[in-house]
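So this one's entry_38.cif, mmCIF, C-alpha atoms and all ligand atoms:
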data_structure
loop_
_atom_site.label_atom_id
_atom_site.label_comp_id
_atom_site.auth_asym_id
_atom_site.auth_seq_id
_atom_site.Cartn_x
_atom_site.Cartn_y
_atom_site.Cartn_z
CA MET X 1 155.43 178.83 81.07
CA GLN X 2 155.75 182.18 79.34
CA GLN X 3 159.33 183.35 78.81
CA PRO X 4 160.15 186.50 80.78
CA SER X 5 161.23 189.41 78.62
CA ILE X 6 164.86 190.54 78.77
CA LYS X 7 164.78 194.17 79.80
CA ASN X 8 168.47 194.65 80.47
CA TYR X 9 171.70 192.78 81.07
CA GLU X 10 171.22 192.17 84.77
CA PHE X 11 171.84 188.74 86.19
CA GLU X 12 172.84 187.72 89.68
CA THR X 13 175.85 185.72 90.85
CA GLY X 14 177.04 184.86 94.34
CA ILE X 15 180.62 184.67 95.59
CA TYR X 16 181.33 181.16 96.78
CA ARG X 17 181.85 177.91 94.87
CA PRO X 18 184.15 174.92 95.41
CA PRO X 19 187.68 175.26 93.93
CA SER X 20 186.92 172.37 91.58
CA GLU X 21 184.21 174.58 90.01
CA GLY X 22 186.45 177.64 89.88
CA GLY X 23 188.43 179.66 87.40
CA SER X 24 186.79 179.50 84.02
CA ALA X 25 185.38 176.06 84.73
CA SER X 26 181.81 176.75 85.74
CA LEU X 27 178.91 179.04 85.11
CA LEU X 28 177.73 180.38 88.47
CA LEU X 29 173.94 180.43 88.63
CA ARG X 30 172.38 181.72 91.83
CA LEU X 31 169.36 179.74 93.04
CA THR X 32 169.26 181.07 96.60
CA ARG X 33 171.01 183.85 98.48
CA ASN X 34 173.35 182.99 101.37
CA CYS X 35 172.89 180.14 103.88
CA PRO X 36 169.58 178.99 105.40
CA TRP X 37 171.40 177.68 108.50
CA ASN X 38 174.26 180.16 109.04
CA HIS X 39 175.13 179.08 112.61
CA CYS X 40 178.36 177.09 112.11
CA THR X 41 180.90 178.70 114.42
CA PHE X 42 183.92 178.14 112.12
CA CYS X 43 182.24 179.66 109.03
CA ALA X 44 182.17 183.34 108.11
CA MET X 45 181.00 182.99 104.51
CA TYR X 46 177.48 184.38 104.89
CA LYS X 47 177.63 185.88 108.38
CA LEU X 48 175.30 188.88 108.76
CA LYS X 49 173.70 188.05 105.40
CA LYS X 50 170.07 187.04 105.27
CA PHE X 51 169.00 183.86 103.52
CA LYS X 52 166.52 184.25 100.68
CA LEU X 53 164.95 181.85 98.23
CA ARG X 54 164.91 183.24 94.70
CA LYS X 55 161.82 182.91 92.52
CA PRO X 56 162.24 180.41 89.66
CA GLU X 57 161.09 183.06 87.17
CA ASP X 58 163.91 185.38 88.32
CA ILE X 59 166.49 182.61 87.93
CA ILE X 60 165.09 181.79 84.49
CA GLN X 61 165.36 185.46 83.62
CA ASP X 62 169.06 185.31 84.59
CA ILE X 63 169.56 182.32 82.29
CA ASN X 64 167.82 184.15 79.45
CA VAL X 65 169.93 187.28 79.93
CA MET X 66 173.12 185.20 79.88
CA HIS X 67 171.91 183.42 76.77
CA ASP X 68 171.07 186.72 75.09
CA ILE X 69 174.63 187.91 75.77
CA TYR X 70 175.92 184.62 74.35
CA LEU X 71 173.90 185.09 71.13
CA GLN X 72 175.32 188.59 70.66
CA LEU X 73 178.86 187.33 71.25
CA LYS X 74 178.29 184.53 68.77
CA GLU X 75 176.99 186.92 66.12
CA MET X 76 179.99 189.23 66.57
CA SER X 77 182.30 186.24 66.35
CA MET X 78 180.68 185.20 63.03
CA GLN X 79 181.17 188.74 61.71
CA GLN X 80 184.83 188.55 62.75
CA GLY X 81 185.22 185.29 60.81
CA GLN X 82 185.76 183.28 64.01
CA GLU X 83 183.02 180.74 63.33
CA GLY X 84 180.90 181.71 66.34
CA LEU X 85 183.63 180.94 68.89
CA VAL X 86 183.71 183.30 71.88
CA THR X 87 187.19 184.81 72.00
CA THR X 88 188.88 187.69 73.85
CA GLU X 89 188.52 189.81 70.71
CA THR X 90 184.78 189.18 70.56
CA PHE X 91 184.39 189.94 74.24
CA GLY X 92 186.35 193.21 73.89
CA GLN X 93 184.09 194.31 71.03
CA PHE X 94 180.99 193.39 72.99
CA LEU X 95 182.13 195.44 75.99
CA LYS X 96 182.77 198.45 73.76
CA LYS X 97 179.17 198.21 72.57
CA THR X 98 177.79 197.72 76.08
CA PRO X 99 180.07 199.70 78.45
CA GLU X 100 177.49 199.40 81.24
CA LEU X 101 178.73 195.82 81.63
CA TYR X 102 182.34 196.82 82.42
CA PHE X 103 181.74 196.59 86.16
CA HIS X 104 179.18 193.80 86.13
CA PRO X 105 180.32 191.25 88.81
CA GLY X 106 179.41 188.24 86.68
CA ILE X 107 180.38 189.22 83.14
CA SER X 108 183.98 187.87 83.19
CA MET X 109 182.71 184.62 84.71
CA LEU X 110 180.16 184.27 81.88
CA PHE X 111 182.72 185.13 79.20
CA ASN X 112 185.31 182.69 80.57
CA TRP X 113 182.70 179.96 80.76
CA LEU X 114 181.58 180.49 77.17
CA ALA X 115 185.18 180.71 75.95
CA VAL X 116 185.93 177.19 77.25
CA GLY X 117 182.80 175.71 75.72
CA GLY X 118 180.10 176.21 78.41
CA LYS X 119 180.32 172.72 79.89
CA THR X 120 179.82 172.86 83.67
CA VAL X 121 177.55 174.82 85.99
CA PHE X 122 177.59 175.42 89.74
CA LEU X 123 174.30 176.35 91.42
CA GLN X 124 174.76 178.86 94.27
CA ASP X 125 174.55 179.58 97.24
CA ALA X 126 174.98 177.30 100.28
CA ASP X 127 172.09 174.82 100.06
CA SER X 128 170.22 174.68 96.73
CA LEU X 129 168.17 171.58 97.64
CA ILE X 130 166.27 173.67 100.15
CA MET X 131 164.28 175.03 97.20
CA LYS X 132 161.00 173.38 96.30
CA THR X 133 161.66 170.33 94.14
CA ASP X 134 159.41 171.57 91.30
CA HIS X 135 161.24 174.88 91.23
CA ILE X 136 164.67 173.24 91.03
CA ILE X 137 163.48 170.98 88.21
CA GLN X 138 161.97 173.93 86.33
CA VAL X 139 165.29 175.79 86.52
CA LEU X 140 167.39 172.73 85.58
CA LYS X 141 165.26 171.96 82.55
CA HIS X 142 165.38 175.54 81.30
CA LEU X 143 169.13 175.72 81.86
CA LYS X 144 169.87 172.54 79.94
CA THR X 145 167.54 173.44 77.07
CA THR X 146 168.96 176.95 76.78
CA PHE X 147 172.62 175.86 76.89
CA PRO X 148 172.79 172.37 75.32
CA THR X 149 176.60 172.37 75.70
CA ILE X 150 176.24 171.76 79.46
CA GLN X 151 177.69 168.43 80.55
CA ARG X 152 177.68 168.69 84.36
CA ILE X 153 175.72 170.63 86.99
CA THR X 154 176.73 170.68 90.65
CA SER X 155 175.70 172.36 93.88
CA TYR X 156 176.26 172.61 97.64
CA SER X 157 173.76 171.00 99.99
CA ARG X 158 173.47 170.28 103.71
CA SER X 159 173.09 166.72 104.99
CA ARG X 160 170.05 167.79 107.03
CA THR X 161 168.30 169.17 103.95
CA ILE X 162 168.95 165.94 102.02
CA VAL X 163 167.57 163.90 104.93
CA ARG X 164 164.37 165.94 104.83
CA LYS X 165 163.91 165.71 101.05
CA PRO X 166 161.89 162.65 99.95
CA ALA X 167 163.98 160.07 98.06
CA ILE X 168 161.68 160.34 95.05
CA ASP X 169 162.31 164.10 94.87
CA LEU X 170 166.06 163.56 94.96
CA GLU X 171 165.76 161.10 92.09
CA LYS X 172 163.66 163.56 90.08
CA ILE X 173 166.19 166.35 90.63
CA ARG X 174 169.01 164.03 89.64
CA LYS X 175 167.16 163.01 86.46
CA ALA X 176 166.48 166.66 85.62
CA GLY X 177 170.23 167.24 85.42
CA LEU X 178 171.83 167.98 88.79
CA ASP X 179 174.87 165.69 88.77
CA ARG X 180 177.00 166.35 91.84
CA LEU X 181 176.42 167.43 95.43
CA HIS X 182 179.13 169.05 97.56
CA ILE X 183 178.32 168.35 101.22
CA GLY X 184 180.01 169.92 104.26
CA LEU X 185 180.57 166.95 106.58
CA GLU X 186 183.31 168.68 108.65
CA THR X 187 183.35 165.84 111.21
CA GLY X 188 181.56 162.63 112.11
CA ASP X 189 181.99 163.26 115.82
CA SER X 190 178.76 164.03 117.63
CA ALA X 191 180.31 166.20 120.37
CA LEU X 192 182.30 168.22 117.85
CA LEU X 193 179.27 168.71 115.57
CA LYS X 194 177.43 170.14 118.58
CA LYS X 195 180.38 172.32 119.55
CA ILE X 196 180.61 173.90 116.09
CA LYS X 197 176.78 174.24 115.87
CA LYS X 198 176.61 172.35 112.58
CA GLY X 199 172.91 171.66 113.14
CA THR X 200 173.32 168.07 112.13
CA THR X 201 174.29 164.72 113.67
CA PRO X 202 176.57 161.87 112.54
CA GLU X 203 173.38 159.91 111.79
CA ASP X 204 172.12 162.75 109.54
CA HIS X 205 175.45 162.79 107.73
CA VAL X 206 175.26 159.05 107.09
CA LYS X 207 171.60 159.11 106.07
CA GLY X 208 171.96 162.23 103.91
CA GLY X 209 175.11 160.93 102.21
CA GLN X 210 173.62 157.51 101.57
CA LYS X 211 170.37 159.01 100.22
CA ALA X 212 172.30 161.24 97.83
CA MET X 213 174.37 158.27 96.62
CA LYS X 214 171.26 156.12 96.18
CA ALA X 215 169.54 158.84 94.16
CA GLY X 216 172.48 158.68 91.73
CA PHE X 217 174.36 161.89 92.58
CA GLN X 218 178.13 162.11 92.55
CA VAL X 219 178.86 162.96 96.17
CA SER X 220 181.74 165.11 97.46
CA GLU X 221 182.10 165.16 101.26
CA TYR X 222 184.28 167.89 102.80
CA TRP X 223 186.03 167.11 106.09
CA MET X 224 187.97 169.49 108.28
CA PRO X 225 191.18 168.09 109.80
CA GLY X 226 192.19 169.90 112.99
CA LEU X 227 188.67 171.19 113.72
CA GLY X 228 188.55 169.73 117.24
CA GLY X 229 192.04 170.89 118.25
CA LYS X 230 194.31 168.55 120.19
CA ALA X 231 191.65 167.81 122.80
CA MET X 232 189.15 166.28 120.34
CA SER X 233 191.55 165.10 117.63
CA TYR X 234 191.34 161.37 118.36
CA ASP X 235 187.52 161.20 118.41
CA HIS X 236 187.24 163.58 115.44
CA ALA X 237 189.41 161.26 113.32
CA LYS X 238 187.83 158.03 114.56
CA ASN X 239 184.22 159.10 114.13
CA THR X 240 184.78 160.88 110.82
CA THR X 241 186.19 157.65 109.40
CA HIS X 242 183.23 155.73 110.80
CA VAL X 243 180.74 158.05 109.05
CA LEU X 244 182.66 158.17 105.74
CA ASN X 245 182.95 154.36 105.67
CA GLN X 246 179.16 154.14 105.76
CA ILE X 247 178.65 156.69 102.98
CA ASN X 248 181.52 155.67 100.67
CA PRO X 249 181.15 158.89 98.63
CA HIS X 250 182.82 159.49 95.28
CA TYR X 251 185.06 162.21 96.70
CA ILE X 252 186.38 163.02 100.18
CA ARG X 253 187.98 166.47 100.27
CA SER X 254 190.25 167.79 103.02
CA ARG X 255 189.68 171.36 104.18
CA PRO X 256 192.05 171.84 107.15
CA PHE X 257 190.71 174.05 109.90
CA THR X 258 191.86 177.70 109.85
CA PRO X 259 190.37 180.34 112.16
CA ARG X 260 188.50 182.77 109.88
CA PRO X 261 188.10 186.48 110.65
CA GLY X 262 184.59 187.10 111.94
CA THR X 263 184.39 183.81 113.87
CA ILE X 264 184.75 182.95 117.55
CA PHE X 265 187.82 180.83 116.65
CA PHE X 266 189.54 183.89 115.20
CA GLU X 267 188.85 185.88 118.37
CA LYS X 268 190.27 183.03 120.46
CA ALA X 269 193.32 182.79 118.21
CA SER X 270 193.99 186.52 118.55
CA ARG X 271 193.86 186.10 122.37
CA ASN X 272 196.19 183.09 122.05
CA GLU X 273 193.49 180.88 123.56
CA LEU X 274 192.98 178.53 120.62
CA ASP X 275 193.78 174.82 120.98
CA ARG X 276 195.98 174.92 117.87
CA MET X 277 197.52 171.84 116.33
CA THR X 278 201.05 171.80 114.96
CA PRO X 279 201.62 170.71 111.33
CA LYS X 280 202.87 167.37 112.65
CA GLU X 281 199.76 166.86 114.80
CA GLN X 282 197.53 167.72 111.83
CA LEU X 283 199.28 165.12 109.68
CA LEU X 284 199.01 162.53 112.45
CA GLU X 285 195.26 163.19 112.65
CA ILE X 286 194.85 162.86 108.87
CA LYS X 287 196.84 159.60 108.96
CA GLN X 288 194.60 158.29 111.74
CA THR X 289 191.51 159.24 109.71
CA LEU X 290 192.73 157.52 106.55
CA GLU X 291 194.24 154.38 108.10
CA THR X 292 190.88 152.75 108.81
CA LEU X 293 189.06 154.28 105.84
CA ASN X 294 187.59 151.42 103.80
CA VAL X 295 186.11 153.21 100.81
CA THR X 296 186.40 153.36 97.03
CA SER X 297 186.45 157.18 97.11
CA ARG X 298 188.98 159.64 95.72
CA ILE X 299 190.72 161.45 98.60
CA CYS X 300 191.53 165.03 97.61
CA PHE X 301 193.66 167.78 99.12
CA ASP X 302 192.52 170.35 96.54
CA HIS X 303 192.84 173.49 98.63
CA ALA X 304 195.71 175.76 99.68
CA GLY X 305 194.97 174.90 103.34
CA ASN X 306 196.70 171.55 102.70
CA PHE X 307 200.01 173.37 102.96
CA TRP X 308 202.47 170.71 104.19
CA THR X 309 205.71 170.48 102.26
CA THR X 310 208.60 168.06 101.77
CA PRO X 311 212.15 168.89 102.97
CA ASN X 312 212.91 170.37 99.53
CA GLY X 313 209.91 172.73 99.71
CA ARG X 314 207.52 170.88 97.38
CA LEU X 315 203.91 170.22 98.33
CA LEU X 316 203.68 166.97 100.28
CA LEU X 317 200.25 166.04 98.88
CA SER X 318 198.88 166.55 95.39
CA GLN X 319 196.27 169.32 95.19
CA SER X 320 194.64 167.68 92.16
CA TYR X 321 190.82 167.77 92.06
CA GLU X 322 190.88 164.03 91.43
CA GLY X 323 193.20 163.23 94.37
CA TYR X 324 194.18 159.70 95.41
CA GLN X 325 192.02 156.74 94.44
CA PHE X 326 191.26 154.38 97.36
CA PRO X 327 191.99 151.59 98.01
CA GLU X 328 194.62 151.44 95.19
CA GLU X 329 196.58 154.51 96.32
CA LYS X 330 195.98 154.21 100.07
CA GLN X 331 199.43 152.85 100.96
CA ASN X 332 201.12 155.45 98.77
CA LEU X 333 199.19 158.24 100.52
CA LEU X 334 199.91 156.84 103.99
CA GLY X 335 203.59 156.66 103.03
CA LEU X 336 203.57 160.34 102.01
CA LEU X 337 201.93 161.25 105.32
CA GLU X 338 204.61 159.33 107.23
CA LYS X 339 207.31 161.24 105.34
CA GLY X 340 205.56 164.50 106.22
CA ILE X 341 205.29 163.53 109.89
CA GLU X 342 209.02 162.76 109.91
CA HIS X 343 209.81 166.09 108.23
CA TYR X 344 207.81 168.11 110.79
CA SER X 345 209.16 166.15 113.81
S1 LIG E 401 175.96 175.29 106.53
FE1 LIG E 401 177.83 175.76 105.34
S2 LIG E 401 177.59 177.86 104.62
FE2 LIG E 401 176.08 177.54 106.26
S3 LIG E 401 177.07 178.29 108.11
FE3 LIG E 401 177.47 176.09 107.99
S4 LIG E 401 179.44 175.88 106.88
FE4 LIG E 401 178.68 178.00 106.56
#

Is it possible to express this structure as structure tokens?
Amino acid sequence: MQQPSIKNYEFETGIYRPPSEGGSASLLLRLTRNCPWNHCTFCAMYKLKKFKLRKPEDIIQDINVMHDIYLQLKEMSMQQGQEGLVTTETFGQFLKKTPELYFHPGISMLFNWLAVGGKTVFLQDADSLIMKTDHIIQVLKHLKTTFPTIQRITSYSRSRTIVRKPAIDLEKIRKAGLDRLHIGLETGDSALLKKIKKGTTPEDHVKGGQKAMKAGFQVSEYWMPGLGGKAMSYDHAKNTTHVLNQINPHYIRSRPFTPRPGTIFFEKASRNELDRMTPKEQLLEIKQTLETLNVTSRICFDHAGNFWTTPNGRLLLSQSYEGYQFPEEKQNLLGLLEKGIEHYS
């Protein structure tokens, strides 16, 4: 394929990425715009925004522009006697030469990524696997060839999309360099999935998760404690555990439910009509979910929504991206939850 010419410094980035891909950690490369589903009632991330597939040649153009910027930074660094390393000084000089980039939404992200060695990439937006397999592979190959420092590439995907993708395609995408999939499970409870309009079933979650694991991806499943309120808490916990036990993903990440502005839950909360759970009830639900979890996953609370504290004001649970290794640390984690439940009683 002929390389597109670089006419200017434009490249596109989206907003959202998992915290574990944040800060200076990952290059954000936008494969699609927004969410192809966009009906989940708890989610306001892409509301009112239209989904769009991006053409592979446009994404490749973005990669080339970013690489062109990298080459210029490297050259300046050599001239400064900094052996090609991208430093704050180099970046400052580059911005002086190209002031049009001062307000570019992605330039700091690119600089930070290069400054820490350009190792990981997150493909945006909400469901990259919805792209044609050949297009994803084309982009992955170009990305890895252009930036050989890359060690890990990750992306969001929906269980339903993974179920629809042939297993052979998933394997090809994995081999082309996509390492990790972040999947929004939310719950394994059928009634709750319907209520939140997730557009997927517990069976889809199991099948999608298992297919992703079989294809060789690292799988991160995100679950939402408190999503069903008090009324659905028991079934939410029970059925989420049942689904996760069948997938046994590498990571299980807790994202406690919070009503977001722009959602029906937020409207209900402002009218005081939301079936809210107390901190103690949330911890009891998490304990119920984890008690019968028979997995070899890492259980992570890597988000500010996991806010519970100890009596002396410290965080109850570690917010490390690597979390607690099951089964080895299961009893330790259950013990911490018991202490938290006692504290909030
Ligand atoms: S699939 Fe994900 S991004 Fe799309 S609406 Fe649902 S939670 Fe939001």

Check: Between X:Thr289, X:Thr32, X:Thr149, X:Gln72, which is the closest to Tyr234 in chain X once you count all atoms listed in the file?
Finding: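 Distance minimum relative to Tyr234 in chain X lands on X:Thr289.
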
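Every protein or nucleic acid residue with an atom no more than 10 Å from Ser345 in chain X, counting all atoms listed in the file and leaving out same-chain residues fewer than 3 positions away, appears here: Thr278, Pro279, Lys280, Glu281, Lys339, Gly340, Ile341 and Glu342 of chain X.
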
Item checked: Gap from CA of Gly226 in chain X to CA of Gln210 in chain X - Å, one decimal ->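 Pair CA of Gly226 in chain X / CA of Gln210 in chain X returns 25.1 Å.
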
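Among the candidate residues X:Gln79, X:Gln138, X:Thr263, X:Asn332, the one lying nearest to ligand LIG 401 (chain E) is X:Thr263, with distances computed using all atoms listed in the file.
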
Check: Counting all atoms listed in the file, which of X:Glu273, X:Glu291, X:Asp204, X:Glu322 gets nearest to Pro259 in chain X?
Finding: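 Looking only at the distances to Pro259 in chain X, the closest residue turns out to be X:Glu273.
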
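Here CA of Ala115 in chain X stands at a distance of 12.2 Å from CA of Gln82 in chain X.
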
Notebook entry, point to check: Which of these residues is nearest to Leu123 in chain X, using only C-alpha atoms: X:Phe307, X:Tyr321, X:Phe111, X:Tyr16?
Noted result: X:Tyr16

Margin query: Just want the residues within 10 Å of ligand LIG 401 (chain E), written as a ChimeraX atom specification, counting only C-alpha atoms and all ligand atoms.
Written below: /X:16,34-47,51,125-127,156-160,183-186,196-200

Note to self: From the options X:Glu10, X:Asp169, X:Ser128, X:Leu29, which residue's atoms come nearest to Leu101 in chain X, counting all atoms listed in the file?
What the structure shows: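 Of X:Glu10, X:Asp169, X:Ser128, X:Leu29, the one nearest Leu101 in chain X is X:Glu10, counting all atoms listed in the file.
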
Next item on the list: May I ask which of the residues X:Ile252, X:Leu95, X:Leu178, X:Leu192 is the closest one to Gly216 in chain X, counting all atoms listed in the file?
Entry: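 Looking only at the distances to Gly216 in chain X, the closest residue turns out to be X:Leu178.
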
Note to self: Using all atoms listed in the file, which protein or nucleic acid residues come within 12 Å of Ser233 in chain X? Drop anything in the same chain fewer than 6 positions from it, and give the result as number ranges by chain.
What the structure shows: X: 187-189, 191-192, 224-227, 239-240, 257, 275-278, 281-289

Tell me which protein, DNA and RNA residues are within 9 Å of Ala25 in chain X, counting all atoms listed in the file, leaving out same-chain ones fewer than 5 positions away, and put them as a short mmCIF file (atom, residue, chain, number, x, y, z; two decimals) with C-alpha atoms, in the frame of the given file.
data_model
loop_
_atom_site.label_atom_id
_atom_site.label_comp_id
_atom_site.auth_asym_id
_atom_site.auth_seq_id
_atom_site.Cartn_x
_atom_site.Cartn_y
_atom_site.Cartn_z
CA SER X 20 186.92 172.37 91.58
CA MET X 109 182.71 184.62 84.71
CA ASN X 112 185.31 182.69 80.57
CA TRP X 113 182.70 179.96 80.76
CA VAL X 116 185.93 177.19 77.25
CA GLY X 118 180.10 176.21 78.41
CA LYS X 119 180.32 172.72 79.89
CA THR X 120 179.82 172.86 83.67
CA VAL X 121 177.55 174.82 85.99
#

Next item on the list: Tell me, in Å to one decimal, how far CA of Pro256 in chain X is from CA of Gly305 in chain X.
Entry: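 Answer for the CA of Pro256 in chain X to CA of Gly305 in chain X separation: 5.7 Å.
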
Checklist line | Residues near range 292-296 of chain X, cut-off 12 Å, only C-alpha atoms, skip fewer than 3 positions along chain, as a ChimeraX atom specification | finding: /X:237-252,285-289,299,324-331,334
